[in-house]
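Enquirer: If it helps, the file is called model.cif and holds mmCIF, C-alpha atoms:
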data_start
loop_
_atom_site.group_PDB
_atom_site.id
_atom_site.type_symbol
_atom_site.label_atom_id
_atom_site.label_comp_id
_atom_site.auth_asym_id
_atom_site.auth_seq_id
_atom_site.Cartn_x
_atom_site.Cartn_y
_atom_site.Cartn_z
ATOM 1 C CA MET Z 1 124.097 123.349 89.361
ATOM 2 C CA ARG Z 2 122.128 120.331 90.495
ATOM 3 C CA ILE Z 3 120.590 118.069 87.875
ATOM 4 C CA GLY Z 4 118.233 115.337 89.053
ATOM 5 C CA VAL Z 5 118.218 111.889 87.445
ATOM 6 C CA ILE Z 6 115.071 109.877 88.119
ATOM 7 C CA THR Z 7 115.249 106.159 88.776
ATOM 8 C CA PHE Z 8 112.112 104.158 87.996
ATOM 9 C CA PRO Z 9 111.792 100.403 88.547
ATOM 10 C CA GLY Z 10 113.480 99.087 85.408
ATOM 11 C CA SER Z 11 115.578 102.159 84.599
ATOM 12 C CA LEU Z 12 118.909 101.097 83.084
ATOM 13 C CA ASP Z 13 120.811 104.219 82.121
ATOM 14 C CA ASP Z 14 120.355 106.349 85.228
ATOM 15 C CA VAL Z 15 123.988 105.816 86.270
ATOM 16 C CA ASP Z 16 125.286 106.694 82.796
ATOM 17 C CA ALA Z 17 123.066 109.797 82.769
ATOM 18 C CA ALA Z 18 124.418 110.843 86.184
ATOM 19 C CA ARG Z 19 127.958 110.299 84.892
ATOM 20 C CA ALA Z 20 127.238 112.500 81.848
ATOM 21 C CA VAL Z 21 125.880 115.209 84.166
ATOM 22 C CA ARG Z 22 129.093 115.054 86.205
ATOM 23 C CA LEU Z 23 131.322 115.170 83.110
ATOM 24 C CA ALA Z 24 129.372 118.235 81.942
ATOM 25 C CA GLY Z 25 130.335 119.972 85.171
ATOM 26 C CA ALA Z 26 127.113 119.711 87.185
ATOM 27 C CA GLU Z 27 126.159 117.778 90.299
ATOM 28 C CA PRO Z 28 123.944 114.747 89.632
ATOM 29 C CA VAL Z 29 121.179 114.214 92.196
ATOM 30 C CA SER Z 30 119.428 110.843 92.431
ATOM 31 C CA LEU Z 31 115.630 111.089 92.437
ATOM 32 C CA TRP Z 32 113.273 108.218 93.235
ATOM 33 C CA HIS Z 33 110.048 107.778 91.265
ATOM 34 C CA GLY Z 34 108.027 106.927 94.374
ATOM 35 C CA ASP Z 35 108.904 110.118 96.264
ATOM 36 C CA HIS Z 36 107.241 113.505 96.031
ATOM 37 C CA ASP Z 37 110.606 115.241 96.293
ATOM 38 C CA LEU Z 38 112.466 116.990 93.480
ATOM 39 C CA LYS Z 39 115.209 117.964 95.990
ATOM 40 C CA ASP Z 40 115.357 121.536 94.633
ATOM 41 C CA VAL Z 41 117.168 120.455 91.461
ATOM 42 C CA ASP Z 42 117.687 122.929 88.612
ATOM 43 C CA ALA Z 43 116.832 120.430 85.865
ATOM 44 C CA VAL Z 44 115.706 116.816 85.520
ATOM 45 C CA VAL Z 45 116.814 113.914 83.299
ATOM 46 C CA LEU Z 46 114.555 110.897 82.696
ATOM 47 C CA PRO Z 47 116.926 108.070 81.723
ATOM 48 C CA GLY Z 48 116.604 105.146 79.350
ATOM 49 C CA GLY Z 49 115.611 101.622 80.262
ATOM 50 C CA PHE Z 50 112.451 99.596 80.557
ATOM 51 C CA SER Z 51 110.445 101.127 83.386
ATOM 52 C CA TYR Z 52 107.880 98.628 84.670
ATOM 53 C CA GLY Z 53 109.092 96.199 82.008
ATOM 54 C CA ASP Z 54 107.302 98.250 79.327
ATOM 55 C CA TYR Z 55 104.046 96.797 80.720
ATOM 56 C CA LEU Z 56 100.848 98.299 79.261
ATOM 57 C CA ARG Z 57 102.819 100.620 76.970
ATOM 58 C CA ALA Z 58 106.439 101.766 77.173
ATOM 59 C CA GLY Z 59 106.572 104.529 79.782
ATOM 60 C CA ALA Z 60 102.854 104.371 80.596
ATOM 61 C CA ILE Z 61 103.060 103.268 84.228
ATOM 62 C CA ALA Z 62 106.117 105.386 85.031
ATOM 63 C CA ALA Z 63 104.309 108.459 83.677
ATOM 64 C CA ARG Z 64 101.722 108.028 86.466
ATOM 65 C CA SER Z 65 104.293 107.673 89.269
ATOM 66 C CA PRO Z 66 104.204 110.073 92.245
ATOM 67 C CA LEU Z 67 107.339 112.008 91.282
ATOM 68 C CA MET Z 68 106.112 112.514 87.710
ATOM 69 C CA GLN Z 69 103.206 114.568 89.043
ATOM 70 C CA ASP Z 70 105.800 116.950 90.502
ATOM 71 C CA VAL Z 71 107.868 116.867 87.286
ATOM 72 C CA VAL Z 72 104.816 117.789 85.188
ATOM 73 C CA ALA Z 73 103.928 120.688 87.497
ATOM 74 C CA ALA Z 74 107.541 121.925 87.580
ATOM 75 C CA ALA Z 75 107.915 121.606 83.802
ATOM 76 C CA HIS Z 76 104.857 123.791 83.323
ATOM 77 C CA GLY Z 77 106.729 126.309 85.484
ATOM 78 C CA GLY Z 78 109.773 126.174 83.191
ATOM 79 C CA LEU Z 79 111.961 123.475 84.786
ATOM 80 C CA PRO Z 80 114.209 122.015 82.051
ATOM 81 C CA VAL Z 81 113.446 118.317 81.531
ATOM 82 C CA LEU Z 82 115.302 115.881 79.230
ATOM 83 C CA GLY Z 83 113.831 112.471 78.409
ATOM 84 C CA ILE Z 84 116.132 109.929 76.799
ATOM 85 C CA CYS Z 85 114.677 106.806 75.120
ATOM 86 C CA ASN Z 86 112.377 105.359 77.826
ATOM 87 C CA GLY Z 87 112.440 108.852 79.354
ATOM 88 C CA PHE Z 88 111.094 110.243 76.059
ATOM 89 C CA GLN Z 89 108.353 107.613 76.146
ATOM 90 C CA VAL Z 90 107.496 108.650 79.706
ATOM 91 C CA LEU Z 91 107.314 112.341 78.733
ATOM 92 C CA CYS Z 92 104.934 111.547 75.841
ATOM 93 C CA GLU Z 93 102.782 109.372 78.110
ATOM 94 C CA ALA Z 94 102.754 112.136 80.741
ATOM 95 C CA GLY Z 95 101.510 114.629 78.155
ATOM 96 C CA LEU Z 96 104.571 116.881 78.399
ATOM 97 C CA LEU Z 97 105.516 116.136 74.799
ATOM 98 C CA PRO Z 98 103.258 115.421 71.803
ATOM 99 C CA GLY Z 99 103.048 112.145 69.889
ATOM 100 C CA ALA Z 100 103.799 108.573 70.936
ATOM 101 C CA LEU Z 101 106.531 105.951 70.545
ATOM 102 C CA THR Z 102 105.463 102.621 69.070
ATOM 103 C CA ARG Z 103 106.975 99.287 68.071
ATOM 104 C CA ASN Z 104 109.732 99.650 65.469
ATOM 105 C CA SER Z 105 108.319 99.146 61.987
ATOM 106 C CA HIS Z 106 110.700 96.227 61.278
ATOM 107 C CA LEU Z 107 110.024 94.676 64.742
ATOM 108 C CA HIS Z 108 113.755 94.395 65.494
ATOM 109 C CA PHE Z 109 115.559 95.934 68.422
ATOM 110 C CA ARG Z 110 117.969 98.394 66.805
ATOM 111 C CA ASN Z 111 121.320 99.112 68.441
ATOM 112 C CA ARG Z 112 123.841 101.189 66.497
ATOM 113 C CA ASP Z 113 125.655 104.487 66.180
ATOM 114 C CA GLN Z 114 123.190 106.920 64.660
ATOM 115 C CA GLY Z 115 123.613 110.127 62.685
ATOM 116 C CA LEU Z 116 121.385 113.002 63.770
ATOM 117 C CA LEU Z 117 120.691 116.439 62.330
ATOM 118 C CA VAL Z 118 120.250 119.130 64.964
ATOM 119 C CA GLU Z 119 117.350 121.306 63.800
ATOM 120 C CA ARG Z 120 116.850 123.324 66.971
ATOM 121 C CA ALA Z 121 119.947 124.724 68.673
ATOM 122 C CA ASP Z 122 117.969 127.040 70.933
ATOM 123 C CA THR Z 123 116.210 124.679 73.352
ATOM 124 C CA ALA Z 124 117.367 124.389 76.965
ATOM 125 C CA TRP Z 125 119.221 121.185 76.036
ATOM 126 C CA THR Z 126 120.752 121.992 72.618
ATOM 127 C CA THR Z 127 122.428 125.419 72.734
ATOM 128 C CA ALA Z 128 125.873 123.783 72.607
ATOM 129 C CA PHE Z 129 125.138 122.782 68.998
ATOM 130 C CA GLN Z 130 124.806 124.724 65.767
ATOM 131 C CA GLN Z 131 121.550 124.560 63.855
ATOM 132 C CA GLY Z 132 122.133 122.133 60.979
ATOM 133 C CA GLN Z 133 125.010 120.369 62.772
ATOM 134 C CA ARG Z 134 125.362 116.624 62.263
ATOM 135 C CA ILE Z 135 126.184 114.561 65.324
ATOM 136 C CA VAL Z 136 126.577 110.827 66.062
ATOM 137 C CA VAL Z 137 125.181 109.167 69.197
ATOM 138 C CA PRO Z 138 124.074 105.592 69.866
ATOM 139 C CA VAL Z 139 120.468 104.555 69.393
ATOM 140 C CA LYS Z 140 119.087 101.406 71.056
ATOM 141 C CA ASN Z 141 115.375 100.728 71.108
ATOM 142 C CA GLY Z 142 112.606 98.337 70.198
ATOM 143 C CA GLU Z 143 109.754 100.818 70.521
ATOM 144 C CA GLY Z 144 111.173 104.009 69.107
ATOM 145 C CA ARG Z 145 108.922 104.680 66.138
ATOM 146 C CA TYR Z 146 107.653 108.226 66.646
ATOM 147 C CA VAL Z 147 104.074 108.668 65.481
ATOM 148 C CA ALA Z 148 101.374 111.320 65.628
ATOM 149 C CA ALA Z 149 98.412 112.243 63.458
ATOM 150 C CA ASP Z 150 99.451 113.874 60.175
ATOM 151 C CA ALA Z 151 97.802 117.146 61.187
ATOM 152 C CA ASP Z 152 99.756 117.137 64.463
ATOM 153 C CA LEU Z 153 103.012 116.367 62.628
ATOM 154 C CA ASP Z 154 102.342 119.285 60.276
ATOM 155 C CA ARG Z 155 101.712 121.540 63.256
ATOM 156 C CA LEU Z 156 104.915 120.379 65.002
ATOM 157 C CA GLU Z 157 106.962 120.974 61.870
ATOM 158 C CA GLY Z 158 105.332 124.379 61.417
ATOM 159 C CA GLU Z 159 106.163 125.356 64.991
ATOM 160 C CA GLY Z 160 109.753 124.089 64.670
ATOM 161 C CA ARG Z 161 109.285 121.538 67.430
ATOM 162 C CA VAL Z 162 111.520 118.867 65.842
ATOM 163 C CA VAL Z 163 114.842 119.086 67.710
ATOM 164 C CA VAL Z 164 116.799 116.245 66.086
ATOM 165 C CA ARG Z 165 116.096 114.179 62.984
ATOM 166 C CA TYR Z 166 117.632 110.873 61.887
ATOM 167 C CA VAL Z 167 120.109 111.068 58.999
ATOM 168 C CA ASP Z 168 121.973 108.258 57.213
ATOM 169 C CA GLY Z 169 119.035 105.910 57.770
ATOM 170 C CA ASN Z 170 115.919 105.852 59.942
ATOM 171 C CA PRO Z 171 116.459 103.151 62.603
ATOM 172 C CA ASN Z 172 112.830 102.471 63.543
ATOM 173 C CA GLY Z 173 110.400 103.842 60.970
ATOM 174 C CA SER Z 174 109.713 107.093 62.836
ATOM 175 C CA SER Z 175 107.389 109.486 61.026
ATOM 176 C CA ARG Z 176 109.348 112.050 59.030
ATOM 177 C CA ASP Z 177 112.629 110.734 60.523
ATOM 178 C CA ILE Z 178 111.837 112.470 63.818
ATOM 179 C CA ALA Z 179 114.298 111.484 66.559
ATOM 180 C CA GLY Z 180 113.404 114.114 69.161
ATOM 181 C CA VAL Z 181 110.909 116.891 69.838
ATOM 182 C CA THR Z 182 110.512 119.775 72.277
ATOM 183 C CA SER Z 183 107.757 121.501 74.210
ATOM 184 C CA ALA Z 184 106.395 124.819 72.959
ATOM 185 C CA ASP Z 185 108.671 126.720 75.375
ATOM 186 C CA GLY Z 186 111.803 124.742 74.422
ATOM 187 C CA ARG Z 187 112.432 123.653 78.030
ATOM 188 C CA VAL Z 188 111.305 120.003 77.728
ATOM 189 C CA VAL Z 189 113.130 117.832 75.193
ATOM 190 C CA GLY Z 190 112.714 114.127 74.460
ATOM 191 C CA LEU Z 191 114.743 111.995 72.077
ATOM 192 C CA MET Z 192 115.160 108.277 71.421
ATOM 193 C CA PRO Z 193 118.979 108.263 70.854
ATOM 194 C CA HIS Z 194 121.259 108.186 73.901
ATOM 195 C CA PRO Z 195 123.506 111.244 74.277
ATOM 196 C CA GLU Z 196 124.690 109.949 77.683
ATOM 197 C CA HIS Z 197 126.452 107.099 75.841
ATOM 198 C CA ALA Z 198 128.491 109.535 73.748
ATOM 199 C CA VAL Z 199 130.362 111.581 76.332
ATOM 200 C CA GLU Z 200 133.829 110.004 76.374
ATOM 201 C CA ASP Z 201 136.208 108.864 73.616
ATOM 202 C CA LEU Z 202 136.911 105.585 75.379
ATOM 203 C CA THR Z 203 133.325 104.305 75.367
ATOM 204 C CA GLY Z 204 131.349 106.311 72.828
ATOM 205 C CA PRO Z 205 131.366 106.752 69.057
ATOM 206 C CA SER Z 206 131.859 110.495 69.683
ATOM 207 C CA THR Z 207 131.570 112.999 72.501
ATOM 208 C CA ASP Z 208 128.679 114.752 70.761
ATOM 209 C CA GLY Z 209 126.235 113.724 73.466
ATOM 210 C CA LEU Z 210 127.927 115.879 76.080
ATOM 211 C CA GLY Z 211 126.453 118.957 74.405
ATOM 212 C CA PHE Z 212 122.960 118.131 75.703
ATOM 213 C CA PHE Z 213 124.207 118.213 79.289
ATOM 214 C CA THR Z 214 126.407 121.320 78.955
ATOM 215 C CA SER Z 215 123.608 123.183 77.158
ATOM 216 C CA VAL Z 216 121.303 123.077 80.152
ATOM 217 C CA LEU Z 217 123.968 124.656 82.371
ATOM 218 C CA THR Z 218 123.976 127.665 80.043
ATOM 219 C CA ALA Z 219 120.173 127.678 79.980
ATOM 220 C CA MET Z 220 120.032 127.779 83.771
ATOM 221 C CA VAL Z 221 122.540 130.649 83.967
ATOM 222 C CA ALA Z 222 120.510 132.590 81.411
ATOM 223 C CA ALA Z 223 117.207 131.883 83.169
ATOM 224 C CA MET A 224 92.834 67.954 104.095
ATOM 225 C CA HIS A 225 91.201 71.084 102.771
ATOM 226 C CA ASP A 226 91.797 71.600 99.060
ATOM 227 C CA ARG A 227 92.489 75.311 98.686
ATOM 228 C CA SER A 228 93.182 75.073 94.978
ATOM 229 C CA ALA A 229 89.655 73.744 94.490
ATOM 230 C CA ASP A 230 88.383 76.866 96.279
ATOM 231 C CA ARG A 231 90.390 79.085 93.989
ATOM 232 C CA ARG A 232 89.137 77.256 90.941
ATOM 233 C CA GLY A 233 85.630 77.675 92.212
ATOM 234 C CA VAL A 234 86.019 81.416 92.713
ATOM 235 C CA SER A 235 87.640 81.917 89.321
ATOM 236 C CA ALA A 236 84.871 79.912 87.671
ATOM 237 C CA LEU A 237 82.304 82.151 89.341
ATOM 238 C CA ARG A 238 84.238 85.234 88.236
ATOM 239 C CA ARG A 239 84.430 84.033 84.686
ATOM 240 C CA ALA A 240 80.714 83.603 84.681
ATOM 241 C CA GLY A 241 80.306 87.142 86.022
ATOM 242 C CA THR A 242 78.116 85.946 88.872
ATOM 243 C CA LEU A 243 80.261 86.861 91.875
ATOM 244 C CA ILE A 244 77.896 88.641 94.229
ATOM 245 C CA GLY A 245 78.142 92.447 94.024
ATOM 246 C CA VAL A 246 80.896 92.387 91.422
ATOM 247 C CA SER A 247 80.574 93.447 87.806
ATOM 248 C CA GLN A 248 82.826 92.494 84.983
ATOM 249 C CA VAL A 249 83.760 95.234 82.549
ATOM 250 C CA VAL A 250 85.694 94.531 79.376
ATOM 251 C CA VAL A 251 87.841 97.120 77.634
ATOM 252 C CA ASP A 252 89.284 96.446 74.195
ATOM 253 C CA VAL A 253 92.096 98.685 73.001
ATOM 254 C CA VAL A 254 92.939 98.820 69.307
ATOM 255 C CA LEU A 255 95.411 100.893 67.336
ATOM 256 C CA LYS A 256 93.794 103.718 65.385
ATOM 257 C CA PRO A 257 93.312 102.742 61.733
ATOM 258 C CA GLU A 258 95.944 105.228 60.546
ATOM 259 C CA ILE A 259 98.650 103.817 62.882
ATOM 260 C CA SER A 260 100.523 100.970 61.223
ATOM 261 C CA ASP A 261 100.670 97.703 63.181
ATOM 262 C CA PRO A 262 103.879 95.794 62.385
ATOM 263 C CA GLN A 263 103.007 93.077 64.918
ATOM 264 C CA GLY A 264 99.686 92.425 63.202
ATOM 265 C CA GLN A 265 101.502 92.362 59.861
ATOM 266 C CA ALA A 266 103.958 89.779 61.218
ATOM 267 C CA VAL A 267 101.035 87.605 62.324
ATOM 268 C CA LEU A 268 99.479 88.005 58.872
ATOM 269 C CA GLY A 269 102.758 86.886 57.300
ATOM 270 C CA ALA A 270 102.830 83.777 59.492
ATOM 271 C CA LEU A 271 99.239 82.964 58.557
ATOM 272 C CA GLY A 272 100.161 83.163 54.886
ATOM 273 C CA ARG A 273 103.063 80.754 55.429
ATOM 274 C CA LEU A 274 100.642 78.365 57.159
ATOM 275 C CA GLY A 275 98.410 78.391 54.117
ATOM 276 C CA HIS A 276 95.665 80.643 55.488
ATOM 277 C CA THR A 277 95.690 82.822 52.423
ATOM 278 C CA GLY A 278 92.129 84.003 52.892
ATOM 279 C CA VAL A 279 93.007 86.243 55.859
ATOM 280 C CA ARG A 280 93.366 89.720 54.421
ATOM 281 C CA SER A 281 94.456 91.705 57.467
ATOM 282 C CA VAL A 282 95.368 91.325 61.155
ATOM 283 C CA ARG A 283 95.275 94.129 63.719
ATOM 284 C CA GLN A 284 96.620 93.288 67.163
ATOM 285 C CA GLY A 285 95.116 94.885 70.271
ATOM 286 C CA LYS A 286 94.735 94.540 74.013
ATOM 287 C CA HIS A 287 91.850 93.058 75.983
ATOM 288 C CA PHE A 288 91.313 94.106 79.620
ATOM 289 C CA VAL A 289 88.883 92.459 82.027
ATOM 290 C CA LEU A 290 88.084 94.603 85.063
ATOM 291 C CA GLU A 291 86.123 93.427 88.078
ATOM 292 C CA VAL A 292 84.499 96.364 89.838
ATOM 293 C CA ASP A 293 82.506 96.595 93.022
ATOM 294 C CA GLY A 294 78.799 97.206 92.572
ATOM 295 C CA LYS A 295 77.227 98.868 89.600
ATOM 296 C CA PRO A 296 79.854 100.123 87.125
ATOM 297 C CA ASP A 297 80.183 103.890 86.843
ATOM 298 C CA GLU A 298 80.351 104.320 83.083
ATOM 299 C CA ALA A 299 81.912 107.782 83.227
ATOM 300 C CA GLU A 300 84.655 106.622 85.581
ATOM 301 C CA LEU A 301 85.348 103.507 83.533
ATOM 302 C CA ARG A 302 85.500 105.518 80.335
ATOM 303 C CA GLN A 303 88.014 107.802 82.002
ATOM 304 C CA ILE A 304 90.093 104.797 83.127
ATOM 305 C CA ALA A 305 89.978 103.353 79.615
ATOM 306 C CA GLU A 306 90.840 106.576 77.826
ATOM 307 C CA THR A 307 93.509 107.908 80.180
ATOM 308 C CA LEU A 308 95.414 104.817 81.301
ATOM 309 C CA LEU A 309 94.439 101.642 79.464
ATOM 310 C CA ALA A 310 94.719 103.366 76.091
ATOM 311 C CA ASN A 311 96.895 106.161 74.754
ATOM 312 C CA PRO A 312 94.438 108.357 72.813
ATOM 313 C CA VAL A 313 97.247 109.556 70.538
ATOM 314 C CA ILE A 314 97.496 106.141 68.907
ATOM 315 C CA GLU A 315 94.667 103.968 70.234
ATOM 316 C CA ASP A 316 90.870 103.733 70.330
ATOM 317 C CA VAL A 317 88.904 102.043 73.125
ATOM 318 C CA GLU A 318 85.763 99.934 73.142
ATOM 319 C CA LEU A 319 84.065 99.774 76.536
ATOM 320 C CA HIS A 320 81.805 96.779 77.176
ATOM 321 C CA LEU A 321 79.633 97.172 80.251
ATOM 322 C CA PRO A 322 77.687 94.190 81.577
ATOM 323 C CA ALA A 323 74.045 93.944 80.587
ATOM 324 C CA ARG A 324 73.111 93.728 84.267
ATOM 325 C CA THR A 325 74.882 93.667 87.608
ATOM 326 C CA THR A 326 74.329 90.929 90.144
ATOM 327 C CA ASP A 327 73.418 92.262 93.576
#
Would you encode the structure as structure tokens?
Expert:
Amino acid sequence: MRIGVITFPGSLDDVDAARAVRLAGAEPVSLWHGDHDLKDVDAVVLPGGFSYGDYLRAGAIAARSPLMQDVVAAAHGGLPVLGICNGFQVLCEAGLLPGALTRNSHLHFRNRDQGLLVERADTAWTTAFQQGQRIVVPVKNGEGRYVAADADLDRLEGEGRVVVRYVDGNPNGSSRDIAGVTSADGRVVGLMPHPEHAVEDLTGPSTDGLGFFTSVLTAMVAA
Amino acid sequence: MHDRSADRRGVSALRRAGTLIGVSQVVVDVVLKPEISDPQGQAVLGALGRLGHTGVRSVRQGKHFVLEVDGKPDEAELRQIAETLLANPVIEDVELHLPARTTD
């Protein structure tokens, strides 16, 4: 199983994401934002960081990069795509996921271990969890406040598109405590917390994050 | 000795005035939709209050883009640029300001 990890100018967590892919038992494949080459990978991870220095809007420039055109086309064909933090912002800017991420309501960068409630355990990236399971992974962002029009939020809730929700405190003022959402087909998932930082006891608050990366292996076997 | 910085100042002065031959200046203002809260604007409002400017009731922070385009601006193309890249229509509104006339 080959899982691509895209590096944009300003990506920070691409190496950690590749490490998480390897620990999950897959082969990480480095992808470059400026290429038009997905290298026949079976899934793609968009890592955290500050692509293009968050110029214009977080994720806005990266979402228009050459490789993202291929990612959008492949995602519409069912390719599993995971966006973490800045990767989530890129997916929203690229139109693959609904809503937008804006400046934290308290204006502070928030960096802490965060409780999450898994509400969808049937997406390509969350089958390793149980619906209703509580997990802990780090969150670290300055522009992580998820927003969308009320009508759109109602529609997302009605369609069960909220994958993970903040518990034990909302770190950034996100609407309805939403930490991550999925596409209608459950193949594209974006979340602000960092599962790739919770894959080993030595360095993470838990190993809960590994489940995102092992889930997609199951999804690819089933597909 | 030739003063290149004077040349650059001269060009930028011409550009500011919008009189560079064959070039039009288009301004795009991007503002958060009214229903999206603006914590940065609120922080500015708080600072104004501390400075004694108690008469300011609200501050909304936005972005101001100045585009120089060749020839006569194509309004449809500029609207597309404004609405698909300069602004995120999920959270922002755009105001497009085309020049009254283009210099040829």
Enquirer: Restricting the calculation to only C-alpha atoms, which member of Z:Ile6, Z:Ala124, Z:Ala58, Z:Val216 is positioned closest to Ala310 in chain A?
Expert: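 For Ala310 in chain A, the nearest of the given residues is Z:Ala58.
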Enquirer: On this file, the PyMOL selection byres ((chain A) within 9 of (chain Z)) gives some set of residues; write that set as a list in words.
Expert: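 In the shown coordinates, the PyMOL selection byres ((chain A) within 9 of (chain Z)) covers Glu258, Ile259, Ser260, Asp261, Pro262, Gln263, Ala266, Lys286, Leu308, Leu309, Ala310, Asn311, Val313 and Ile314 of chain A.
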Enquirer: Please, what is the axis-aligned box for every listed atom of range 78-82 of chain Z with 4 Å on each side, as centre and edge lengths in Å to one decimal, as JSON?
Expert:
{"center_x": 112.5, "center_y": 121.0, "center_z": 82.0, "size_x": 13.5, "size_y": 18.3, "size_z": 13.6}
Enquirer: Which of these residues is nearest to Val289 in chain A, using only C-alpha atoms: A:Leu319, A:Val267, A:Leu274, A:Val254?
Expert: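 The shortest atom-to-atom distance to Val289 in chain A comes from A:Leu319.
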Enquirer: Taking the file as I've supplied it (selection: the PyMOL selection byres ((chain Z and resi 133-142) around 9)), which residues are included? Please answer as a VMD selection string.
Expert: chain Z and resid 85 to 86 102 to 104 107 to 119 121 129 to 132 143 to 145 167 171 to 172 192 to 198 204 to 209
Enquirer: Give as a list in words the residues that the PyMOL selection byres ((chain A and resi 298) around 12) matches when applied to the coordinates above.
Expert: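 The output of the PyMOL selection byres ((chain A and resi 298) around 12) on this file is Ser247, Val249, Val250, Val251, Val292, Gly294, Lys295, Pro296, Asp297, Ala299, Glu300, Leu301, Arg302, Gln303, Ile304, Ala305, Glu306, Leu319, His320, Leu321 and Pro322 of chain A.
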Enquirer: How would the residues just picked look written out with C-alpha atoms as an mmCIF file, keeping the file's coordinate frame?
Expert:
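That gives us result_39.cif:
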data_model
loop_
_atom_site.group_PDB
_atom_site.id
_atom_site.type_symbol
_atom_site.label_atom_id
_atom_site.label_comp_id
_atom_site.auth_asym_id
_atom_site.auth_seq_id
_atom_site.Cartn_x
_atom_site.Cartn_y
_atom_site.Cartn_z
ATOM 1 C CA SER A 247 80.574 93.447 87.806
ATOM 2 C CA VAL A 249 83.760 95.234 82.549
ATOM 3 C CA VAL A 250 85.694 94.531 79.376
ATOM 4 C CA VAL A 251 87.841 97.120 77.634
ATOM 5 C CA VAL A 292 84.499 96.364 89.838
ATOM 6 C CA GLY A 294 78.799 97.206 92.572
ATOM 7 C CA LYS A 295 77.227 98.868 89.600
ATOM 8 C CA PRO A 296 79.854 100.123 87.125
ATOM 9 C CA ASP A 297 80.183 103.890 86.843
ATOM 10 C CA ALA A 299 81.912 107.782 83.227
ATOM 11 C CA GLU A 300 84.655 106.622 85.581
ATOM 12 C CA LEU A 301 85.348 103.507 83.533
ATOM 13 C CA ARG A 302 85.500 105.518 80.335
ATOM 14 C CA GLN A 303 88.014 107.802 82.002
ATOM 15 C CA ILE A 304 90.093 104.797 83.127
ATOM 16 C CA ALA A 305 89.978 103.353 79.615
ATOM 17 C CA GLU A 306 90.840 106.576 77.826
ATOM 18 C CA LEU A 319 84.065 99.774 76.536
ATOM 19 C CA HIS A 320 81.805 96.779 77.176
ATOM 20 C CA LEU A 321 79.633 97.172 80.251
ATOM 21 C CA PRO A 322 77.687 94.190 81.577
#
Enquirer: Pro257 in chain A: which residues within 12 Å, counting all atoms listed in the file, same-chain residues fewer than 6 positions away excluded, as a list of chain:residue names?
Expert: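 What passes the distance filter is Z:Ala149, A:Ser281, A:Val282, A:Arg283, A:Gln284, A:Gly285, A:Val313, A:Ile314, A:Glu315, A:Asp316.
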Enquirer: With range 69-84 of chain Z as the partner and 6 Å as the cut-off, tabulate the residues of range 131-203 of chain Z that qualify, each row holding the nearest pair of atoms and their distance in Å to one decimal, using all atoms listed in the file, sorted by chain and rising number, as JSON lines.
Expert:
{"residue": "Z:Arg187", "atom": "CA", "partner": "Z:Pro80", "partner_atom": "CA", "distance": 4.7}
{"residue": "Z:Val188", "atom": "CA", "partner": "Z:Val81", "partner_atom": "CA", "distance": 4.7}
{"residue": "Z:Val189", "atom": "CA", "partner": "Z:Leu82", "partner_atom": "CA", "distance": 5.0}
{"residue": "Z:Gly190", "atom": "CA", "partner": "Z:Gly83", "partner_atom": "CA", "distance": 4.4}
{"residue": "Z:Leu191", "atom": "CA", "partner": "Z:Ile84", "partner_atom": "CA", "distance": 5.3}
{"residue": "Z:Met192", "atom": "CA", "partner": "Z:Ile84", "partner_atom": "CA", "distance": 5.7}
Enquirer: How many Å separate CA of Val44 in chain Z from CA of Val5 in chain Z?
Expert: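 For CA of Val44 in chain Z relative to CA of Val5 in chain Z, the distance reads 5.9 Å.
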Enquirer: Report, in Å to a single decimal, how far apart CA of Leu255 in chain A and CA of His33 in chain Z are.
Expert: 28.9 Å
Enquirer: Which value, in Å to one decimal, gives the distance between CA of Ala18 in chain Z and CA of Thr123 in chain Z?
Expert: 20.6 Å
Enquirer: Nearest to Asp293 in chain A among A:Thr307, A:Gln248, A:Thr277, A:Gln265, with distances taken over only C-alpha atoms: which residue is it?
Expert: A:Gln248
